[in-house]
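So this one's query-v7.cif, mmCIF, C-alpha atoms, pLDDT in the B column; chains and numbers go by the auth columns:
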```cif
data_upload
#
loop_
_atom_site.group_PDB
_atom_site.id
_atom_site.type_symbol
_atom_site.label_atom_id
_atom_site.label_comp_id
_atom_site.label_asym_id
_atom_site.label_seq_id
_atom_site.Cartn_x
_atom_site.Cartn_y
_atom_site.Cartn_z
_atom_site.B_iso_or_equiv
_atom_site.auth_seq_id
_atom_site.auth_asym_id
ATOM 1 C CA MET A 1 5.614 -22.292 -19.637 67.00 1 A
ATOM 2 C CA LEU A 2 5.877 -18.613 -20.548 69.00 2 A
ATOM 3 C CA SER A 3 2.214 -18.111 -19.732 70.00 3 A
ATOM 4 C CA VAL A 4 2.782 -19.372 -16.199 76.00 4 A
ATOM 5 C CA THR A 5 5.869 -17.194 -15.823 76.00 5 A
ATOM 6 C CA GLY A 6 3.920 -14.198 -17.102 74.00 6 A
ATOM 7 C CA ARG A 7 1.158 -14.855 -14.587 76.00 7 A
ATOM 8 C CA LEU A 8 3.671 -15.017 -11.747 80.00 8 A
ATOM 9 C CA ILE A 9 5.182 -11.717 -12.876 80.00 9 A
ATOM 10 C CA LEU A 10 1.721 -10.119 -13.039 79.00 10 A
ATOM 11 C CA THR A 11 0.840 -11.324 -9.558 81.00 11 A
ATOM 12 C CA GLY A 12 4.027 -9.847 -8.089 84.00 12 A
ATOM 13 C CA ALA A 13 3.876 -6.615 -10.098 84.00 13 A
ATOM 14 C CA ARG A 14 0.236 -5.895 -9.151 83.00 14 A
ATOM 15 C CA ARG A 15 1.375 -5.225 -5.604 85.00 15 A
ATOM 16 C CA ARG A 16 3.383 -2.235 -6.805 90.00 16 A
ATOM 17 C CA LEU A 17 1.872 -1.048 -10.090 89.00 17 A
ATOM 18 C CA PRO A 18 -1.551 -0.492 -11.626 88.00 18 A
ATOM 19 C CA VAL A 19 -2.654 -3.197 -14.053 86.00 19 A
ATOM 20 C CA THR A 20 -2.788 -0.662 -16.892 88.00 20 A
ATOM 21 C CA THR A 21 0.900 0.162 -16.424 90.00 21 A
ATOM 22 C CA ILE A 22 1.856 -3.514 -16.343 88.00 22 A
ATOM 23 C CA VAL A 23 -0.097 -4.306 -19.504 88.00 23 A
ATOM 24 C CA ALA A 24 1.300 -1.253 -21.323 91.00 24 A
ATOM 25 C CA VAL A 25 4.846 -2.341 -20.424 90.00 25 A
ATOM 26 C CA VAL A 26 4.070 -5.875 -21.619 89.00 26 A
ATOM 27 C CA PHE A 27 2.773 -4.623 -24.981 91.00 27 A
ATOM 28 C CA ALA A 28 5.812 -2.350 -25.355 93.00 28 A
ATOM 29 C CA THR A 29 8.100 -5.284 -24.497 91.00 29 A
ATOM 30 C CA GLN A 30 6.347 -7.428 -27.070 92.00 30 A
ATOM 31 C CA ALA A 31 6.784 -4.687 -29.690 94.00 31 A
ATOM 32 C CA GLY A 32 10.494 -4.467 -28.905 93.00 32 A
ATOM 33 C CA ALA A 33 10.911 -8.237 -28.984 92.00 33 A
ATOM 34 C CA VAL A 34 9.226 -8.519 -32.372 92.00 34 A
ATOM 35 C CA LEU A 35 11.294 -5.680 -33.826 92.00 35 A
ATOM 36 C CA ALA A 36 14.477 -7.268 -32.466 92.00 36 A
ATOM 37 C CA MET A 37 13.622 -10.667 -33.932 90.00 37 A
ATOM 38 C CA PRO A 38 15.235 -10.139 -37.362 87.00 38 A
ATOM 39 C CA LEU A 39 18.382 -8.837 -35.671 89.00 39 A
ATOM 40 C CA LEU A 40 18.702 -11.350 -32.831 89.00 40 A
ATOM 41 C CA ALA A 41 16.977 -14.531 -33.970 82.00 41 A
ATOM 42 C CA GLY A 42 20.036 -15.692 -35.934 87.00 42 A
ATOM 43 C CA THR A 43 21.597 -16.907 -32.701 91.00 43 A
ATOM 44 C CA ARG A 44 20.172 -19.298 -30.166 92.00 44 A
ATOM 45 C CA THR A 45 20.436 -16.721 -27.359 92.00 45 A
ATOM 46 C CA GLY A 46 18.829 -14.011 -29.489 90.00 46 A
ATOM 47 C CA ALA A 47 15.986 -16.309 -30.473 90.00 47 A
ATOM 48 C CA VAL A 48 15.350 -17.210 -26.829 90.00 48 A
ATOM 49 C CA ILE A 49 15.370 -13.542 -25.800 89.00 49 A
ATOM 50 C CA THR A 50 12.881 -12.504 -28.468 90.00 50 A
ATOM 51 C CA VAL A 51 10.563 -15.469 -27.926 89.00 51 A
ATOM 52 C CA VAL A 52 10.598 -14.988 -24.152 87.00 52 A
ATOM 53 C CA GLY A 53 10.033 -11.230 -24.546 86.00 53 A
ATOM 54 C CA PHE A 54 6.998 -11.828 -26.715 87.00 54 A
ATOM 55 C CA GLY A 55 5.709 -14.974 -24.991 85.00 55 A
ATOM 56 C CA LEU A 56 5.506 -13.535 -21.483 81.00 56 A
ATOM 57 C CA GLY A 57 2.727 -11.278 -22.646 79.00 57 A
ATOM 58 C CA PHE A 58 0.310 -14.117 -23.250 74.00 58 A
ATOM 59 C CA GLY A 59 0.213 -15.171 -19.612 72.00 59 A
ATOM 60 C CA ILE A 60 -0.024 -11.613 -18.399 80.00 60 A
ATOM 61 C CA THR A 61 -2.751 -10.450 -20.759 78.00 61 A
ATOM 62 C CA SER A 62 -4.966 -13.481 -20.152 77.00 62 A
ATOM 63 C CA LEU A 63 -5.151 -12.507 -16.472 81.00 63 A
ATOM 64 C CA ALA A 64 -4.959 -8.765 -16.964 83.00 64 A
ATOM 65 C CA ILE A 65 -8.028 -8.428 -19.180 84.00 65 A
ATOM 66 C CA PRO A 66 -10.503 -9.492 -16.474 86.00 66 A
ATOM 67 C CA ALA A 67 -8.636 -7.349 -13.934 84.00 67 A
ATOM 68 C CA LEU A 68 -8.728 -4.335 -16.258 85.00 68 A
ATOM 69 C CA LEU A 69 -12.451 -4.713 -16.859 86.00 69 A
ATOM 70 C CA ALA A 70 -13.265 -5.160 -13.170 85.00 70 A
ATOM 71 C CA ASP A 71 -11.031 -2.256 -12.126 83.00 71 A
ATOM 72 C CA ARG A 72 -12.480 0.113 -14.713 82.00 72 A
ATOM 73 C CA TYR A 73 -16.150 -0.843 -14.783 83.00 73 A
ATOM 74 C CA GLY A 74 -16.718 -2.702 -11.538 83.00 74 A
ATOM 75 C CA THR A 75 -17.904 -6.228 -11.003 86.00 75 A
ATOM 76 C CA THR A 76 -21.588 -5.471 -11.572 86.00 76 A
ATOM 77 C CA ALA A 77 -21.118 -4.714 -15.276 82.00 77 A
ATOM 78 C CA TYR A 78 -18.253 -7.172 -15.761 86.00 78 A
ATOM 79 C CA ALA A 79 -20.223 -10.015 -17.353 88.00 79 A
ATOM 80 C CA THR A 80 -22.038 -7.745 -19.802 89.00 80 A
ATOM 81 C CA ILE A 81 -18.880 -5.973 -20.935 88.00 81 A
ATOM 82 C CA ALA A 82 -16.825 -9.172 -21.139 89.00 82 A
ATOM 83 C CA GLY A 83 -19.598 -10.760 -23.182 90.00 83 A
ATOM 84 C CA ARG A 84 -19.709 -7.838 -25.599 90.00 84 A
ATOM 85 C CA LEU A 85 -15.951 -8.020 -26.053 89.00 85 A
ATOM 86 C CA ALA A 86 -15.884 -11.765 -26.631 89.00 86 A
ATOM 87 C CA ALA A 87 -17.056 -11.761 -30.258 91.00 87 A
ATOM 88 C CA PRO A 88 -14.697 -9.097 -31.658 92.00 88 A
ATOM 89 C CA VAL A 89 -11.740 -10.507 -29.716 88.00 89 A
ATOM 90 C CA THR A 90 -12.478 -14.041 -30.917 92.00 90 A
ATOM 91 C CA ILE A 91 -12.861 -12.846 -34.514 95.00 91 A
ATOM 92 C CA ALA A 92 -9.559 -10.952 -34.295 91.00 92 A
ATOM 93 C CA ARG A 93 -7.773 -13.997 -32.886 89.00 93 A
ATOM 94 C CA ALA A 94 -9.261 -16.242 -35.546 95.00 94 A
ATOM 95 C CA THR A 95 -8.483 -13.974 -38.501 96.00 95 A
ATOM 96 C CA ALA A 96 -5.015 -12.819 -37.401 92.00 96 A
ATOM 97 C CA PRO A 97 -3.167 -15.902 -38.727 93.00 97 A
ATOM 98 C CA LEU A 98 -4.885 -15.587 -42.104 95.00 98 A
ATOM 99 C CA ALA A 99 -4.144 -11.862 -42.257 93.00 99 A
ATOM 100 C CA ALA A 100 -0.526 -12.580 -41.313 92.00 100 A
ATOM 101 C CA ALA A 101 -0.242 -15.218 -44.054 94.00 101 A
ATOM 102 C CA ILE A 102 -1.670 -12.798 -46.620 94.00 102 A
ATOM 103 C CA LEU A 103 0.716 -10.044 -45.525 92.00 103 A
ATOM 104 C CA LEU A 104 3.655 -12.458 -45.561 92.00 104 A
ATOM 105 C CA HIS A 105 2.776 -13.614 -49.069 92.00 105 A
ATOM 106 C CA THR A 106 2.066 -10.173 -50.541 93.00 106 A
ATOM 107 C CA ALA A 107 4.905 -8.302 -48.793 91.00 107 A
ATOM 108 C CA GLY A 108 7.479 -10.923 -49.713 82.00 108 A
ATOM 109 C CA GLY A 109 9.113 -11.480 -46.362 86.00 109 A
ATOM 110 C CA TYR A 110 8.881 -11.516 -42.627 88.00 110 A
ATOM 111 C CA THR A 111 10.088 -7.968 -41.967 88.00 111 A
ATOM 112 C CA PRO A 112 6.813 -6.252 -42.989 91.00 112 A
ATOM 113 C CA LEU A 113 4.840 -8.832 -41.003 91.00 113 A
ATOM 114 C CA LEU A 114 6.976 -8.403 -37.892 91.00 114 A
ATOM 115 C CA THR A 115 6.772 -4.629 -38.292 92.00 115 A
ATOM 116 C CA ALA A 116 2.961 -4.809 -38.444 92.00 116 A
ATOM 117 C CA VAL A 117 2.889 -6.947 -35.291 92.00 117 A
ATOM 118 C CA ALA A 118 5.261 -4.555 -33.515 93.00 118 A
ATOM 119 C CA ILE A 119 3.173 -1.540 -34.542 94.00 119 A
ATOM 120 C CA SER A 120 0.032 -3.281 -33.265 93.00 120 A
ATOM 121 C CA CYS A 121 1.699 -3.998 -29.916 92.00 121 A
ATOM 122 C CA ALA A 122 2.999 -0.421 -29.662 95.00 122 A
ATOM 123 C CA LEU A 123 -0.455 0.973 -30.469 95.00 123 A
ATOM 124 C CA ALA A 124 -1.938 -1.259 -27.781 92.00 124 A
ATOM 125 C CA ALA A 125 0.595 0.076 -25.253 93.00 125 A
ATOM 126 C CA VAL A 126 -0.199 3.678 -26.168 95.00 126 A
ATOM 127 C CA GLY A 127 -3.933 2.976 -26.227 92.00 127 A
ATOM 128 C CA ILE A 128 -4.075 1.406 -22.789 90.00 128 A
ATOM 129 C CA THR A 129 -1.904 4.160 -21.316 90.00 129 A
ATOM 130 C CA THR A 130 -4.106 6.844 -22.857 90.00 130 A
ATOM 131 C CA ARG A 131 -7.342 5.141 -21.842 83.00 131 A
ATOM 132 C CA ALA A 132 -6.134 4.754 -18.259 80.00 132 A
ATOM 133 C CA ARG A 133 -5.984 8.557 -17.982 82.00 133 A
ATOM 134 C CA ILE A 134 -9.640 8.962 -18.974 80.00 134 A
ATOM 135 C CA PRO A 135 -12.054 8.565 -16.049 76.00 135 A
ATOM 136 C CA ALA A 136 -14.202 5.452 -16.122 70.00 136 A
ATOM 137 C CA PRO A 137 -17.818 5.988 -17.156 69.00 137 A
ATOM 138 C CA GLN A 138 -20.271 6.140 -14.302 70.00 138 A
ATOM 139 C CA PRO A 139 -23.254 3.795 -14.360 63.00 139 A
ATOM 140 C CA SER A 140 -26.541 5.392 -15.197 61.00 140 A
ATOM 141 C CA THR A 141 -28.955 5.826 -12.295 59.00 141 A
ATOM 142 C CA ALA A 142 -31.939 6.539 -14.527 55.00 142 A
ATOM 143 C CA HIS A 143 -34.306 3.665 -15.166 53.00 143 A
ATOM 144 C CA THR A 144 -35.696 3.238 -18.647 52.00 144 A
#
```

Would you encode the structure as structure tokens?
Amino acid sequence: MLSVTGRLILTGARRRLPVTTIVAVVFATQAGAVLAMPLLAGTRTGAVITVVGFGLGFGITSLAIPALLADRYGTTAYATIAGRLAAPVTIARATAPLAAAILLHTAGGYTPLLTAVAISCALAAVGITTRARIPAPQPSTAHT
């Protein structure tokens, strides 16, 4: 449900904002939601707020990634770049739960785990904002 809501928000927001800004705001929102979780999740309303704040990002990012790649690199190189990104992204998604379980076990609680997730989301927000300011690479015209 949150994925669909996130997609609707992305569709409406793209009329007014660049995709990079939307995705950076989503990552920042996710970071805030995760950091607020230990403080707010003790109540039903707080739990809903933090889950919704984090969950909206999944619908937005699943649509935003192809849009970001096409906007930055064009549609000609899209398939090649998306293919090259598939393996590291899949590996990260597959190993994240194991890494989280290890951190949870070794750190002795959820706070360090939630902090690591929040830092990752914040770094993603900063990274996408910074990268958006750097001009896109131009395709090579030389033939090898």

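Closest approach to Gly109 of chain A among A:Pro18, A:Gly12, A:Pro38, A:Gly6 is made by A:Pro38 (distances from all atoms listed in the file).
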
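Candidate residues A:Ile9, A:Ala41, A:Ile81, A:Leu114 were compared for distance to Ala101 of chain A, and the nearest is A:Leu114, using all atoms listed in the file.
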
query = In file coordinates, which residues lie within 12 Å of (2.4, -2.5, -15.5) using only C-alpha atoms, given as a PyMOL selection string?
reply = chain A and resi 6+9-29+57+60-61+64+68+125+128-129+132

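Atom CA of Ala36 of chain A is positioned 11.5 Å from atom CA of Val48 of chain A.
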
ask   = List as a PyMOL selection string: which residues have an atom within 12 Å of (-18.5, -8.1, -21.0), counting all atoms listed in the file?
value = chain A and resi 65-66+68-70+72-89

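Atom CA of Ala96 of chain A to atom CA of Ala122 of chain A spans 16.7 Å [interatomic distance, one decimal].
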
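In terms of minimum interatomic distance to Ala116 of chain A, A:Ala31 ranks closest within A:Ala31, A:Ser62, A:Leu56, A:Thr95, counting only C-alpha atoms.
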
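With atom CA of Gly53 of chain A on one side and atom CA of Ala33 of chain A on the other, the separation reads 5.4 Å.
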
remark   = Counting only C-alpha atoms, closest pick from A:Tyr110, A:Ile134, A:Ala100, A:Met37 relative to Val51 of chain A is A:Met37
